[in-house]
file upload21.cif (mmCIF, N, CA and C atoms)
data_run
#
loop_
_atom_site.label_atom_id
_atom_site.label_comp_id
_atom_site.auth_asym_id
_atom_site.auth_seq_id
_atom_site.Cartn_x
_atom_site.Cartn_y
_atom_site.Cartn_z
N GLU D 22 106.41 98.90 105.28
CA GLU D 22 105.86 98.46 106.56
C GLU D 22 104.49 99.08 106.81
N ALA D 23 104.30 100.31 106.35
CA ALA D 23 103.00 100.96 106.55
C ALA D 23 101.91 100.20 105.80
N GLU D 24 102.21 99.77 104.57
CA GLU D 24 101.21 99.02 103.80
C GLU D 24 100.94 97.67 104.43
N CYS D 25 101.95 97.04 104.99
CA CYS D 25 101.75 95.77 105.70
C CYS D 25 100.83 95.97 106.89
N SER D 26 101.03 97.05 107.63
CA SER D 26 100.16 97.35 108.78
C SER D 26 98.72 97.59 108.34
N ARG D 27 98.54 98.31 107.23
CA ARG D 27 97.19 98.53 106.70
C ARG D 27 96.55 97.21 106.29
N LEU D 28 97.32 96.35 105.67
CA LEU D 28 96.82 95.06 105.23
C LEU D 28 96.36 94.21 106.41
N VAL D 29 97.13 94.18 107.47
CA VAL D 29 96.75 93.44 108.68
C VAL D 29 95.47 94.01 109.26
N ALA D 30 95.38 95.33 109.38
CA ALA D 30 94.18 95.96 109.94
C ALA D 30 92.94 95.67 109.09
N GLU D 31 93.08 95.76 107.77
CA GLU D 31 91.96 95.47 106.87
C GLU D 31 91.50 94.02 107.03
N THR D 32 92.45 93.12 107.15
CA THR D 32 92.12 91.70 107.28
C THR D 32 91.40 91.43 108.59
N GLU D 33 91.86 92.06 109.66
CA GLU D 33 91.20 91.87 110.96
C GLU D 33 89.81 92.48 110.99
N GLU D 34 89.55 93.47 110.14
CA GLU D 34 88.19 94.02 110.03
C GLU D 34 87.28 93.10 109.23
N ARG D 35 87.86 92.40 108.25
CA ARG D 35 87.06 91.55 107.35
C ARG D 35 86.72 90.20 107.97
N TRP D 36 87.65 89.63 108.76
CA TRP D 36 87.44 88.33 109.40
C TRP D 36 87.60 88.49 110.91
N PRO D 37 86.92 87.67 111.70
CA PRO D 37 87.08 87.73 113.16
C PRO D 37 88.33 86.97 113.61
N VAL D 38 89.49 87.51 113.25
CA VAL D 38 90.78 86.89 113.56
C VAL D 38 91.77 87.95 114.01
N LYS D 39 92.85 87.50 114.58
CA LYS D 39 94.02 88.33 114.86
C LYS D 39 95.12 87.85 113.91
N VAL D 40 95.83 88.79 113.30
CA VAL D 40 96.82 88.45 112.27
C VAL D 40 98.19 89.01 112.65
N ALA D 41 99.22 88.22 112.36
CA ALA D 41 100.61 88.67 112.47
C ALA D 41 101.26 88.45 111.11
N LEU D 42 102.04 89.44 110.66
CA LEU D 42 102.73 89.37 109.37
C LEU D 42 104.16 89.82 109.58
N GLU D 43 105.09 89.01 109.12
CA GLU D 43 106.52 89.35 109.23
C GLU D 43 107.20 89.01 107.91
N HIS D 44 107.89 89.99 107.34
CA HIS D 44 108.66 89.75 106.12
C HIS D 44 110.13 89.92 106.46
N ARG D 45 110.91 88.89 106.17
CA ARG D 45 112.35 88.93 106.48
C ARG D 45 113.08 89.81 105.50
N ILE D 46 114.10 90.45 105.99
CA ILE D 46 115.00 91.22 105.14
C ILE D 46 116.41 90.71 105.37
N GLY D 47 117.29 91.04 104.48
CA GLY D 47 118.67 90.58 104.61
C GLY D 47 118.90 89.37 103.73
N SER D 48 120.02 88.73 103.92
CA SER D 48 120.40 87.59 103.09
C SER D 48 119.62 86.34 103.48
N LEU D 49 119.11 85.67 102.46
CA LEU D 49 118.41 84.40 102.66
C LEU D 49 118.98 83.37 101.69
N GLU D 50 119.05 82.16 102.13
CA GLU D 50 119.46 81.07 101.25
C GLU D 50 118.24 80.60 100.47
N VAL D 51 118.48 79.99 99.32
CA VAL D 51 117.39 79.44 98.52
C VAL D 51 116.59 78.46 99.38
N GLY D 52 115.29 78.62 99.40
CA GLY D 52 114.42 77.74 100.15
C GLY D 52 114.09 78.21 101.56
N GLU D 53 114.80 79.22 102.06
CA GLU D 53 114.49 79.75 103.38
C GLU D 53 113.19 80.56 103.33
N PRO D 54 112.40 80.50 104.37
CA PRO D 54 111.16 81.29 104.38
C PRO D 54 111.47 82.79 104.40
N ALA D 55 110.74 83.53 103.56
CA ALA D 55 110.92 84.98 103.48
C ALA D 55 109.79 85.72 104.18
N VAL D 56 108.65 85.06 104.34
CA VAL D 56 107.50 85.72 104.94
C VAL D 56 106.76 84.73 105.83
N ALA D 57 106.20 85.26 106.93
CA ALA D 57 105.36 84.45 107.82
C ALA D 57 104.05 85.19 108.04
N VAL D 58 102.95 84.47 107.89
CA VAL D 58 101.63 85.01 108.15
C VAL D 58 100.94 84.06 109.11
N VAL D 59 100.42 84.62 110.20
CA VAL D 59 99.72 83.81 111.20
C VAL D 59 98.37 84.47 111.46
N ALA D 60 97.33 83.65 111.47
CA ALA D 60 96.00 84.15 111.82
C ALA D 60 95.41 83.23 112.87
N ALA D 61 94.92 83.82 113.94
CA ALA D 61 94.31 83.05 115.01
C ALA D 61 92.85 83.46 115.13
N GLY D 62 91.97 82.47 115.18
CA GLY D 62 90.56 82.75 115.30
C GLY D 62 89.82 81.55 115.85
N ALA D 63 88.55 81.73 116.07
CA ALA D 63 87.73 80.66 116.64
C ALA D 63 87.47 79.53 115.64
N HIS D 64 87.53 79.86 114.35
CA HIS D 64 87.23 78.87 113.31
C HIS D 64 88.35 78.82 112.29
N ARG D 65 88.82 77.63 111.98
CA ARG D 65 89.97 77.48 111.08
C ARG D 65 89.69 77.98 109.68
N ASP D 66 88.46 77.81 109.16
CA ASP D 66 88.17 78.30 107.81
C ASP D 66 88.41 79.80 107.70
N GLU D 67 88.00 80.55 108.71
CA GLU D 67 88.22 82.00 108.72
C GLU D 67 89.70 82.32 108.81
N ALA D 68 90.42 81.58 109.64
CA ALA D 68 91.86 81.82 109.79
C ALA D 68 92.60 81.52 108.49
N PHE D 69 92.26 80.41 107.84
CA PHE D 69 92.91 80.07 106.57
C PHE D 69 92.58 81.10 105.49
N ALA D 70 91.32 81.53 105.43
CA ALA D 70 90.93 82.55 104.44
C ALA D 70 91.69 83.86 104.68
N ALA D 71 91.83 84.24 105.93
CA ALA D 71 92.55 85.47 106.27
C ALA D 71 94.02 85.35 105.88
N CYS D 72 94.64 84.21 106.16
CA CYS D 72 96.05 84.00 105.78
C CYS D 72 96.22 84.09 104.27
N ARG D 73 95.36 83.43 103.53
CA ARG D 73 95.46 83.47 102.06
C ARG D 73 95.31 84.90 101.56
N HIS D 74 94.36 85.63 102.13
CA HIS D 74 94.14 87.02 101.74
C HIS D 74 95.41 87.85 101.98
N VAL D 75 96.00 87.69 103.15
CA VAL D 75 97.19 88.48 103.50
C VAL D 75 98.34 88.19 102.54
N ILE D 76 98.63 86.92 102.28
CA ILE D 76 99.78 86.62 101.42
C ILE D 76 99.53 87.06 99.98
N GLU D 77 98.32 86.88 99.48
CA GLU D 77 98.02 87.30 98.11
C GLU D 77 98.06 88.83 97.98
N GLU D 78 97.52 89.53 98.95
CA GLU D 78 97.56 90.99 98.92
C GLU D 78 98.97 91.52 99.13
N LEU D 79 99.75 90.86 99.97
CA LEU D 79 101.14 91.26 100.17
C LEU D 79 101.88 91.20 98.83
N LYS D 80 101.71 90.12 98.10
CA LYS D 80 102.38 89.97 96.81
C LYS D 80 101.89 91.02 95.81
N ARG D 81 100.62 91.40 95.90
CA ARG D 81 100.04 92.34 94.95
C ARG D 81 100.36 93.80 95.29
N ARG D 82 100.33 94.14 96.58
CA ARG D 82 100.38 95.54 97.00
C ARG D 82 101.71 96.06 97.50
N VAL D 83 102.55 95.18 98.00
CA VAL D 83 103.79 95.64 98.65
C VAL D 83 104.97 95.41 97.70
N PRO D 84 105.70 96.48 97.35
CA PRO D 84 106.84 96.33 96.43
C PRO D 84 108.03 95.67 97.13
N ILE D 85 108.17 94.40 96.91
CA ILE D 85 109.27 93.64 97.53
C ILE D 85 110.30 93.33 96.44
N TRP D 86 111.51 93.80 96.68
CA TRP D 86 112.59 93.61 95.71
C TRP D 86 113.58 92.60 96.26
N LYS D 87 114.16 91.82 95.36
CA LYS D 87 115.18 90.86 95.74
C LYS D 87 116.42 91.09 94.89
N ARG D 88 117.57 90.98 95.51
CA ARG D 88 118.82 90.99 94.75
C ARG D 88 119.31 89.55 94.74
N GLU D 89 119.25 88.95 93.56
CA GLU D 89 119.64 87.55 93.43
C GLU D 89 121.10 87.44 93.01
N HIS D 90 121.80 86.49 93.62
CA HIS D 90 123.20 86.21 93.33
C HIS D 90 123.25 84.85 92.63
N PHE D 91 123.90 84.79 91.48
CA PHE D 91 123.95 83.58 90.68
C PHE D 91 125.29 82.87 90.80
N ALA D 92 125.28 81.57 90.50
CA ALA D 92 126.48 80.75 90.62
C ALA D 92 127.63 81.27 89.76
N ASP D 93 127.31 81.93 88.63
CA ASP D 93 128.37 82.45 87.75
C ASP D 93 128.92 83.79 88.22
N GLY D 94 128.46 84.26 89.39
CA GLY D 94 128.92 85.53 89.93
C GLY D 94 128.04 86.72 89.58
N GLY D 95 127.07 86.51 88.69
CA GLY D 95 126.17 87.58 88.31
C GLY D 95 125.22 87.95 89.44
N VAL D 96 124.77 89.20 89.41
CA VAL D 96 123.82 89.72 90.40
C VAL D 96 122.74 90.48 89.64
N ASP D 97 121.50 90.32 90.08
CA ASP D 97 120.41 91.03 89.42
C ASP D 97 119.32 91.34 90.45
N TRP D 98 118.70 92.52 90.31
CA TRP D 98 117.54 92.89 91.11
C TRP D 98 116.29 92.37 90.40
N VAL D 99 115.39 91.77 91.15
CA VAL D 99 114.10 91.35 90.59
C VAL D 99 112.99 91.84 91.51
N GLY D 100 111.87 92.18 90.89
CA GLY D 100 110.73 92.65 91.65
C GLY D 100 109.46 92.29 90.91
N SER D 101 108.38 92.92 91.31
CA SER D 101 107.09 92.57 90.76
C SER D 101 106.98 92.84 89.27
N ASP D 102 107.75 93.81 88.74
CA ASP D 102 107.66 94.08 87.30
C ASP D 102 108.83 93.47 86.52
N SER D 103 109.70 92.74 87.21
CA SER D 103 110.84 92.04 86.62
C SER D 103 111.88 92.93 85.94
N THR D 104 111.80 94.25 86.09
CA THR D 104 112.78 95.12 85.46
C THR D 104 113.87 95.55 86.42
N GLY D 105 113.54 95.55 87.72
CA GLY D 105 114.50 96.06 88.68
C GLY D 105 114.47 97.58 88.77
N ALA D 106 113.63 98.22 87.99
CA ALA D 106 113.57 99.68 87.99
C ALA D 106 113.19 100.19 89.37
N GLY D 107 113.92 101.16 89.82
CA GLY D 107 113.63 101.75 91.12
C GLY D 107 114.27 101.04 92.28
N ALA D 108 114.98 99.98 92.04
CA ALA D 108 115.61 99.26 93.13
C ALA D 108 116.78 100.06 93.66
N ALA D 109 117.01 99.96 94.95
CA ALA D 109 118.11 100.67 95.58
C ALA D 109 119.26 99.75 95.83
#
call {"tool": "encode", "arguments": {"input": "upload21.cif", "output": "structure tokens"}}
result
Amino acid sequence: EAECSRLVAETEERWPVKVALEHRIGSLEVGEPAVAVVAAGAHRDEAFAACRHVIEELKRRVPIWKREHFADGGVDWVGSDSTGAGAA
């Protein structure tokens, strides 16, 4: 959450927008939204650029792990390095 807050602050410094970022936790069904990014500004190009920056940086900088449940009953942790190392 601290890195998400830094990312929002950096984005608001770079573009003249206000940004909201929310990442869901808990159980999600396939296809359900896991993250929401909203940017409000006077010009849509700036807002769209800020949103793209936030989602790309979120994927790059924030370690988000998923525990996937498979139809055959298998379970696996997946993350940015695909090993599951360090997952809790």
call {"tool": "resolve_selection", "arguments": {"input": "upload21.cif", "expression": "the PyMOL selection byres ((chain D and resi 57-67) around 7)", "output": "ChimeraX atom specification"}}
result
/D:36-45,54-56,68-72,76
call {"tool": "resolve_selection", "arguments": {"input": "upload21.cif", "expression": "the PyMOL selection byres (((chain D and resi 22 and name CA) around 12) and name CA)", "output": "JSON list (two decimals) with N, CA and C atoms, in the coordinates of the input"}}
result
[["chain", "number", "residue", "atom", "x", "y", "z"],
["D", 23, "ALA", "N", 104.30, 100.31, 106.35],
["D", 23, "ALA", "CA", 103.00, 100.96, 106.55],
["D", 23, "ALA", "C", 101.91, 100.20, 105.80],
["D", 24, "GLU", "N", 102.21, 99.77, 104.57],
["D", 24, "GLU", "CA", 101.21, 99.02, 103.80],
["D", 24, "GLU", "C", 100.94, 97.67, 104.43],
["D", 25, "CYS", "N", 101.95, 97.04, 104.99],
["D", 25, "CYS", "CA", 101.75, 95.77, 105.70],
["D", 25, "CYS", "C", 100.83, 95.97, 106.89],
["D", 26, "SER", "N", 101.03, 97.05, 107.63],
["D", 26, "SER", "CA", 100.16, 97.35, 108.78],
["D", 26, "SER", "C", 98.72, 97.59, 108.34],
["D", 27, "ARG", "N", 98.54, 98.31, 107.23],
["D", 27, "ARG", "CA", 97.19, 98.53, 106.70],
["D", 27, "ARG", "C", 96.55, 97.21, 106.29],
["D", 28, "LEU", "N", 97.32, 96.35, 105.67],
["D", 28, "LEU", "CA", 96.82, 95.06, 105.23],
["D", 28, "LEU", "C", 96.36, 94.21, 106.41],
["D", 29, "VAL", "N", 97.13, 94.18, 107.47],
["D", 29, "VAL", "CA", 96.75, 93.44, 108.68],
["D", 29, "VAL", "C", 95.47, 94.01, 109.26],
["D", 42, "LEU", "N", 102.04, 89.44, 110.66],
["D", 42, "LEU", "CA", 102.73, 89.37, 109.37],
["D", 42, "LEU", "C", 104.16, 89.82, 109.58],
["D", 43, "GLU", "N", 105.09, 89.01, 109.12],
["D", 43, "GLU", "CA", 106.52, 89.35, 109.23],
["D", 43, "GLU", "C", 107.20, 89.01, 107.91],
["D", 44, "HIS", "N", 107.89, 89.99, 107.34],
["D", 44, "HIS", "CA", 108.66, 89.75, 106.12],
["D", 44, "HIS", "C", 110.13, 89.92, 106.46],
["D", 45, "ARG", "N", 110.91, 88.89, 106.17],
["D", 45, "ARG", "CA", 112.35, 88.93, 106.48],
["D", 45, "ARG", "C", 113.08, 89.81, 105.50],
["D", 46, "ILE", "N", 114.10, 90.45, 105.99],
["D", 46, "ILE", "CA", 115.00, 91.22, 105.14],
["D", 46, "ILE", "C", 116.41, 90.71, 105.37],
["D", 79, "LEU", "N", 99.75, 90.86, 99.97],
["D", 79, "LEU", "CA", 101.14, 91.26, 100.17],
["D", 79, "LEU", "C", 101.88, 91.20, 98.83],
["D", 82, "ARG", "N", 100.33, 94.14, 96.58],
["D", 82, "ARG", "CA", 100.38, 95.54, 97.00],
["D", 82, "ARG", "C", 101.71, 96.06, 97.50],
["D", 83, "VAL", "N", 102.55, 95.18, 98.00],
["D", 83, "VAL", "CA", 103.79, 95.64, 98.65],
["D", 83, "VAL", "C", 104.97, 95.41, 97.70],
["D", 84, "PRO", "N", 105.70, 96.48, 97.35],
["D", 84, "PRO", "CA", 106.84, 96.33, 96.43],
["D", 84, "PRO", "C", 108.03, 95.67, 97.13],
["D", 85, "ILE", "N", 108.17, 94.40, 96.91],
["D", 85, "ILE", "CA", 109.27, 93.64, 97.53],
["D", 85, "ILE", "C", 110.30, 93.33, 96.44]]
call {"tool": "atom_distance", "arguments": {"input": "upload21.cif", "atom1": "atom C of Gly95 in chain D", "atom2": "atom N of Gly47 in chain D"}}
result
17.3 Å
call {"tool": "select_by_dssp", "arguments": {"input": "upload21.cif", "residues": "range 36-104 of chain D", "states": "strand (DSSP E or B)", "output": "count of residues only"}}
result
22
call {"tool": "atom_distance", "arguments": {"input": "upload21.cif", "atom1": "atom N of Glu50 in chain D", "atom2": "atom N of Ala30 in chain D"}}
result
28.0 Å
call {"tool": "atom_distance", "arguments": {"input": "upload21.cif", "atom1": "atom N of Arg81 in chain D", "atom2": "atom N of Gly52 in chain D"}}
result
19.8 Å
call {"tool": "residues_around", "arguments": {"input": "upload21.cif", "residues": "Asp97 in chain D", "least_positions_apart": "3", "cutoff": "6.5 Å", "atoms": "all atoms listed in the file", "output": "list in words"}}
result
Lys87, Arg88, Glu89, His90 and Phe91 of chain D
call {"tool": "closest_residue", "arguments": {"input": "upload21.cif", "among": "D:Lys80, D:Trp98, D:Val75, D:Ala92", "to": "Thr32 in chain D", "atoms": "only N, CA and C atoms"}}
result
D:Val75
call {"tool": "axis_aligned_box", "arguments": {"input": "upload21.cif", "around": "range 44-63 of chain D", "padding_each_side": "6 Å", "output": "JSON"}}
result
{"center_x": 103.9, "center_y": 84.5, "center_z": 107.6, "size_x": 44.9, "size_y": 25.5, "size_z": 30.1}
call {"tool": "select_by_dssp", "arguments": {"input": "upload21.cif", "residues": "chain D", "states": "alpha helix (DSSP H)", "output": "JSON, numbers by chain"}}
result
{"D": [23, 24, 25, 26, 27, 28, 29, 30, 31, 32, 33, 34, 35, 65, 66, 67, 68, 69, 70, 71, 72, 73, 74, 75, 76, 77, 78, 79, 80, 81, 82]}
call {"tool": "build_atoms", "arguments": {"input": "upload21.cif", "residues": "range 33-44 of chain D", "atoms": "all heavy atoms", "output": "CSV table (one decimal), in the frame of the given file"}}
result
chain,number,residue,atom,x,y,z
D,33,GLU,N,91.9,92.1,109.7
D,33,GLU,CA,91.2,91.9,111.0
D,33,GLU,C,89.8,92.5,111.0
D,33,GLU,O,89.0,92.0,111.8
D,33,GLU,CB,92.1,92.4,112.1
D,33,GLU,CG,93.3,91.6,112.3
D,33,GLU,CD,94.2,92.1,113.4
D,33,GLU,OE1,94.1,93.3,113.8
D,33,GLU,OE2,95.1,91.4,113.8
D,34,GLU,N,89.6,93.5,110.1
D,34,GLU,CA,88.2,94.0,110.0
D,34,GLU,C,87.3,93.1,109.2
D,34,GLU,O,86.1,93.0,109.5
D,34,GLU,CB,88.2,95.4,109.4
D,34,GLU,CG,88.8,96.5,110.2
D,34,GLU,CD,88.9,97.8,109.5
D,34,GLU,OE1,88.2,98.0,108.5
D,34,GLU,OE2,89.6,98.7,110.0
D,35,ARG,N,87.9,92.4,108.2
D,35,ARG,CA,87.1,91.6,107.4
D,35,ARG,C,86.7,90.2,108.0
D,35,ARG,O,85.7,89.7,107.7
D,35,ARG,CB,87.8,91.4,106.1
D,35,ARG,CG,87.1,90.6,105.0
D,35,ARG,CD,87.9,90.6,103.7
D,35,ARG,NE,87.2,89.8,102.7
D,35,ARG,CZ,87.7,89.5,101.5
D,35,ARG,NH1,88.8,90.1,101.1
D,35,ARG,NH2,87.1,88.7,100.7
D,36,TRP,N,87.6,89.6,108.8
D,36,TRP,CA,87.4,88.3,109.4
D,36,TRP,C,87.6,88.5,110.9
D,36,TRP,O,88.4,89.3,111.4
D,36,TRP,CB,88.5,87.3,108.9
D,36,TRP,CG,88.2,86.8,107.5
D,36,TRP,CD1,87.4,85.8,107.2
D,36,TRP,CD2,88.8,87.3,106.3
D,36,TRP,NE1,87.4,85.6,105.8
D,36,TRP,CE2,88.3,86.5,105.3
D,36,TRP,CE3,89.8,88.2,106.0
D,36,TRP,CZ2,88.7,86.7,103.9
D,36,TRP,CZ3,90.2,88.4,104.7
D,36,TRP,CH2,89.6,87.6,103.7
D,37,PRO,N,86.9,87.7,111.7
D,37,PRO,CA,87.1,87.7,113.2
D,37,PRO,C,88.3,87.0,113.6
D,37,PRO,O,88.3,85.9,114.3
D,37,PRO,CB,85.8,87.1,113.7
D,37,PRO,CG,85.4,86.1,112.6
D,37,PRO,CD,85.9,86.7,111.3
D,38,VAL,N,89.5,87.5,113.2
D,38,VAL,CA,90.8,86.9,113.6
D,38,VAL,C,91.8,88.0,114.0
D,38,VAL,O,91.6,89.1,113.8
D,38,VAL,CB,91.4,86.2,112.3
D,38,VAL,CG1,90.5,85.0,111.9
D,38,VAL,CG2,91.6,87.1,111.2
D,39,LYS,N,92.8,87.5,114.6
D,39,LYS,CA,94.0,88.3,114.9
D,39,LYS,C,95.1,87.8,113.9
D,39,LYS,O,95.3,86.6,113.7
D,39,LYS,CB,94.5,88.2,116.3
D,39,LYS,CG,93.6,88.8,117.3
D,39,LYS,CD,93.6,90.3,117.1
D,39,LYS,CE,92.7,91.0,118.2
D,39,LYS,NZ,92.6,92.4,117.9
D,40,VAL,N,95.8,88.8,113.3
D,40,VAL,CA,96.8,88.4,112.3
D,40,VAL,C,98.2,89.0,112.6
D,40,VAL,O,98.3,90.1,113.2
D,40,VAL,CB,96.4,89.0,110.9
D,40,VAL,CG1,97.5,88.8,109.9
D,40,VAL,CG2,95.1,88.4,110.5
D,41,ALA,N,99.2,88.2,112.4
D,41,ALA,CA,100.6,88.7,112.5
D,41,ALA,C,101.3,88.4,111.1
D,41,ALA,O,101.0,87.4,110.5
D,41,ALA,CB,101.4,87.9,113.5
D,42,LEU,N,102.0,89.4,110.7
D,42,LEU,CA,102.7,89.4,109.4
D,42,LEU,C,104.2,89.8,109.6
D,42,LEU,O,104.4,90.9,110.2
D,42,LEU,CB,102.0,90.3,108.4
D,42,LEU,CG,102.8,90.6,107.1
D,42,LEU,CD1,103.0,89.4,106.3
D,42,LEU,CD2,101.9,91.6,106.3
D,43,GLU,N,105.1,89.0,109.1
D,43,GLU,CA,106.5,89.4,109.2
D,43,GLU,C,107.2,89.0,107.9
D,43,GLU,O,107.1,87.9,107.4
D,43,GLU,CB,107.2,88.6,110.4
D,43,GLU,CG,108.6,88.9,110.6
D,43,GLU,CD,108.8,90.3,111.2
D,43,GLU,OE1,107.9,90.8,112.0
D,43,GLU,OE2,109.8,90.9,110.9
D,44,HIS,N,107.9,90.0,107.3
D,44,HIS,CA,108.7,89.8,106.1
D,44,HIS,C,110.1,89.9,106.5
D,44,HIS,O,110.5,91.0,107.0
D,44,HIS,CB,108.3,90.7,105.0
D,44,HIS,CG,108.9,90.4,103.7
D,44,HIS,ND1,110.2,90.7,103.4
D,44,HIS,CD2,108.4,89.6,102.7
D,44,HIS,CE1,110.4,90.2,102.2
D,44,HIS,NE2,109.4,89.6,101.7
